[in-house]
Amino acid sequence: MVQKQVLFESFPKQEEFLEAIFSNKYNFVMYGGAIRGGKTFAGLSALLLLSKAYPTSKWVVVRDSLQTLKRTTIPSFFKLCPTSFIKNYNQDTQTVTFTNGSQILFFGENYADDKEFNRFKGLECNGFLLEEVNELQEKCFYKCIERAGSHIIPKQPKPLILATCNPANNWVKTLVYDKWKSNTLPLNWLYIPSKITDNPFIPADYLESLKSMPRFEYEVFVNGNWELQQKSGAEFYKEFNLDRHVAPTEYNENIPLWLSIDENVHPYFTCTIWQIEGKRAMQIDELLMRNPYNTVDGLCNEFRRKYGKHRNGLLITGDATSNKQDVKIEKGYNLFKLVAKNLYEFNPIVRTPLSNASVYMRGQFINTIFYSSYGDIDIVIGSHLTESIKDYANTKQDSDGTKLKTKIKDELSGVRYEEFGHISDAMDYLLTTVFSVEFSRYQRGDLPATQSIGNNIWNESKKY
């Protein structure tokens with residue numbers, strides 16, 4: 001347990017942060033991920049403890065500008081620091097000198113005026129606290145690594161970079177969060193996620209009031225969700241809205257299940273599960289089969305495990321290009337027939353189109369449904385389906401109106417794959433199949449149909 005020597009009562013998540021710093025295992029520790037998680041107090045308290053433990057040491061607090069520091073971080077510092085520990089505070093240089101000779105310098109990045117980071121030249125210190133590192137430049141981060149440990153003192157601490165953060169879709173996500181998630185962070189780096197609920201000092205009334213925030217902002221800033229990106233206008237599903245289209249969904253054993261399959265196997269073999277009630281399409285599940293279970297057997301075994309007692313209809317659709325025979329599997333079979341054969345006890349029916357509609361047209365159709373419930377169609381995505389929601393929100397539009405399929409590399413396997421678009425492709429196939437009447441009318445520019453085929457596919461199929 002770290003012995004606290006400042007006016008600061010830490011809670012367990014902050015203790016984890018402080019213990020990591022003083023373990024001497026890490027050169028970089030990032031803490032945070034949501035608002036009001038105690039990030040600033042934890043970071044400043046860490047610097048005060050380091051200043052106390054290492055006399056004559058020098059530490060630098062960096063934020064995007066000095067103005068921001070004066071408005072936020074510096075007032076927090078003086079709430080925390082015992083006045084008896086301060087020797088003087090030079091407001092011209094924004095340097096606090098302590099009674100044991102240690103110093104903390106408050107330093108604005110000022111990227112707009114110093115894109116070459118010349119202000120860092122000659123800066124000697126033992127370490128940094130990067131406040132809201134997601135608002136800083138990646139080049140600034142590496143400049144801090146370069147300067148940390150350059151101040152030599154008799155009792156020399158390990159070069160150290162501390163950082164606080166909120167979720168952001170930028171270099172911090174790529175360099176830290178994504179590698180933390182895939183367990184590929186360097187051994188001397190650590191990320192400690194923290195949410196507002198980790199802070200026991202937050203009033204219950206305040207927590208309740210946050211629920212009135214728009215769903216996107218709540219997910220990012222309260223739940224600390226890194227996976228959702230702020231809307232930029234480049235989204236493929238421009239009308240997809242978390243408040244309107246995401247809600248709790250539950251499996252109903254009395255109506256058919258629809259499986260919609262996208263054949264790609266990296267990063268997963270994709271299957272979304274839906275149920276249709278009239279004109280209401282509800283996604284109730286996502287089966288995303290990752291290696292080594294990204295096979296037909298793996299998918300079918302998982303479906304059987306979760307829905308083994310279902311006996312009221314099973315329909316299978318997906319990518320029309322998978323209707324072709326595949327030389328890798330049994331002669332006379334394609335992907336859908338193979339899935340149907342594997343799930344024979346459910347008496348499945350395959351319903352795939354002869355060819356896929358254009359990506360642009362089906363995107364326009366689905367966006368129109370999201371915007372105005374075209375044809376009285378209503379789409380509901382289960383609030384528990386985090387990967388699907390991430391895919392629908394983050395899939396971007398290419399310059400030709402199709403989906404932008406940007407490839408990334410898996411750090412562990414070395415495999416390159418399209419990060420977004422597979423789950424949304426499965427949604428497209430499902431909606432254009434189930435609501436094929438409405439889709440055909442939409443393509444012709446006609447008024448929407450008044451009747452959906454929906455589960456009638458299942459009922460009509462029983463006649464044959």
# chains A, B, ... in the order shown; residues from 1 in each chain; ligands from 1
>>> residues_around(residues="segment 441-444 of chain A", least_positions_apart="4", cutoff="10 Å", atoms="only C-alpha atoms", output="JSON, numbers by chain")
{"A": [357, 361, 362, 364, 365, 368, 374, 375, 436, 437, 448, 449]}
>>> write_last_selection(atoms="C-alpha atoms", output="PDB file, in the first residue's frame")
ATOM      1  CA  ALA A 357     -28.274  -5.476 -54.403  1.00  0.00           C
ATOM      2  CA  MET A 361     -28.802   1.245 -52.983  1.00  0.00           C
ATOM      3  CA  ARG A 362     -29.251  -0.969 -49.941  1.00  0.00           C
ATOM      4  CA  GLN A 364     -29.933   4.312 -49.096  1.00  0.00           C
ATOM      5  CA  PHE A 365     -32.862   2.004 -48.362  1.00  0.00           C
ATOM      6  CA  THR A 368     -34.424   5.850 -45.244  1.00  0.00           C
ATOM      7  CA  TYR A 374     -40.062   3.799 -44.733  1.00  0.00           C
ATOM      8  CA  GLY A 375     -42.895   1.358 -45.406  1.00  0.00           C
ATOM      9  CA  SER A 436     -37.875  -7.401 -50.429  1.00  0.00           C
ATOM     10  CA  VAL A 437     -41.261  -6.000 -51.504  1.00  0.00           C
ATOM     11  CA  PRO A 448     -43.870   1.968 -49.822  1.00  0.00           C
ATOM     12  CA  ALA A 449     -45.742  -1.314 -49.745  1.00  0.00           C
TER      13      ALA A 449
END
>>> select_by_dssp(residues="segment 6-102 of chain A", states="strand (DSSP E or B)", output="VMD selection string")
chain A and resid 28 to 32 58 to 63 86 to 90 95 to 98
>>> write_last_selection(atoms="C-alpha atoms", output="PDB file, in the first residue's frame")
ATOM      1  CA  PHE A  28       4.186   4.579 -19.078  1.00  0.00           C
ATOM      2  CA  VAL A  29       0.897   4.388 -17.154  1.00  0.00           C
ATOM      3  CA  MET A  30      -2.365   5.700 -18.590  1.00  0.00           C
ATOM      4  CA  TYR A  31      -5.416   6.085 -16.360  1.00  0.00           C
ATOM      5  CA  GLY A  32      -9.007   6.944 -17.230  1.00  0.00           C
ATOM      6  CA  LYS A  58      11.504  17.718 -11.703  1.00  0.00           C
ATOM      7  CA  TRP A  59       8.112  16.835 -13.162  1.00  0.00           C
ATOM      8  CA  VAL A  60       6.116  18.439 -15.954  1.00  0.00           C
ATOM      9  CA  VAL A  61       2.333  18.589 -16.345  1.00  0.00           C
ATOM     10  CA  VAL A  62       1.337  19.010 -19.994  1.00  0.00           C
ATOM     11  CA  ARG A  63      -2.052  19.926 -21.415  1.00  0.00           C
ATOM     12  CA  ILE A  86       5.345  24.513  -1.134  1.00  0.00           C
ATOM     13  CA  LYS A  87       8.401  26.766  -0.997  1.00  0.00           C
ATOM     14  CA  ASN A  88       7.272  29.116  -3.759  1.00  0.00           C
ATOM     15  CA  TYR A  89       5.108  29.362  -6.895  1.00  0.00           C
ATOM     16  CA  ASN A  90       6.516  31.282  -9.830  1.00  0.00           C
ATOM     17  CA  THR A  95       6.696  26.418 -11.661  1.00  0.00           C
ATOM     18  CA  VAL A  96       5.999  25.166  -8.146  1.00  0.00           C
ATOM     19  CA  THR A  97       9.108  24.572  -6.025  1.00  0.00           C
ATOM     20  CA  PHE A  98       8.821  22.380  -2.955  1.00  0.00           C
TER      21      PHE A  98
END
>>> atom_distance(atom1="atom CA of Pro203 of chain A", atom2="atom CA of Gly43 of chain A")
22.0 Å
>>> closest_residue(among="A:Ile21, A:Val380, A:Met289, A:Leu343", to="Leu242 of chain A", atoms="only C-alpha atoms")
A:Val380
>>> select_by_dssp(residues="segment 237-462 of chain A", states="alpha helix (DSSP H)", output="PyMOL selection string")
chain A and resi 242-245+296-307+335-342+359-372+386-394+422-434+436-444+456-461
>>> closest_residue(among="A:Phe22, A:Tyr429, A:Tyr206, A:Tyr218", to="Asp243 of chain A", atoms="only C-alpha atoms")
A:Tyr218
>>> closest_atom_pairs(of="segment 313-406 of chain A", to="segment 273-285 of chain A", cutoff="6 Å", atoms="only C-alpha atoms", output="tab-separated table")
residue	atom	partner	partner_atom	distance
A:Ile377	CA	A:Lys279	CA	4.8
A:Asp378	CA	A:Arg280	CA	4.7
A:Ile379	CA	A:Ala281	CA	4.9
A:Val380	CA	A:Met282	CA	4.8
A:Ile381	CA	A:Gln283	CA	5.0
A:Gly382	CA	A:Ile284	CA	5.6
>>> write_last_selection(atoms="C-alpha atoms", output="PDB file, in the first residue's frame")
ATOM      1  CA  ILE A 377     -40.548  -0.699 -41.119  1.00  0.00           C
ATOM      2  CA  ASP A 378     -38.966  -0.370 -37.682  1.00  0.00           C
ATOM      3  CA  ILE A 379     -35.428  -1.561 -36.908  1.00  0.00           C
ATOM      4  CA  VAL A 380     -34.400  -2.269 -33.312  1.00  0.00           C
ATOM      5  CA  ILE A 381     -30.866  -3.314 -32.382  1.00  0.00           C
ATOM      6  CA  GLY A 382     -30.475  -5.007 -29.007  1.00  0.00           C
TER       7      GLY A 382
END
>>> closest_residue(among="A:Gln156, A:Thr270, A:Asn225, A:Phe106", to="Lys70 of chain A", atoms="only C-alpha atoms")
A:Phe106
>>> residues_around(residues="segment 232-235 of chain A", least_positions_apart="5", cutoff="7 Å", atoms="only C-alpha atoms", output="ChimeraX atom specification")
/A:394-397
>>> write_last_selection(atoms="C-alpha atoms", output="mmCIF file, in the first residue's frame")
data_model
loop_
_atom_site.group_PDB
_atom_site.id
_atom_site.type_symbol
_atom_site.label_atom_id
_atom_site.label_comp_id
_atom_site.auth_asym_id
_atom_site.auth_seq_id
_atom_site.Cartn_x
_atom_site.Cartn_y
_atom_site.Cartn_z
ATOM 1 C CA ASN A 394 -18.424 3.235 -37.257
ATOM 2 C CA THR A 395 -18.757 1.895 -40.813
ATOM 3 C CA LYS A 396 -17.754 4.739 -43.139
ATOM 4 C CA GLN A 397 -18.855 5.662 -46.640
#
>>> closest_residue(among="A:Ser57, A:Thr184, A:Asn241, A:Thr433", to="Ala393 of chain A", atoms="only C-alpha atoms")
A:Asn241
>>> residues_around(residues="Val220 of chain A", least_positions_apart="2", cutoff="10 Å", atoms="only C-alpha atoms", output="PyMOL selection string")
chain A and resi 33-35+166-168+215-218+222-230
>>> atom_distance(atom1="atom CA of Tyr307 of chain A", atom2="atom CA of Asn252 of chain A")
10.7 Å
>>> atom_distance(atom1="atom CA of Leu257 of chain A", atom2="atom CA of Asp376 of chain A")
20.9 Å
>>> residues_around(residues="Gln14 of chain A", least_positions_apart="2", cutoff="9 Å", atoms="only C-alpha atoms", output="list in words")
Ser10, Phe11, Pro12, Glu16, Phe17, Leu18, Glu19, Tyr31, Gly37, Gly38, Lys39, Phe41, Ala42, Gly43, Ser194, Asp198 and Asn199 of chain A
>>> closest_residue(among="A:Ile261, A:Leu404, A:Ile161, A:Ala20", to="Phe336 of chain A", atoms="only C-alpha atoms")
A:Ile261
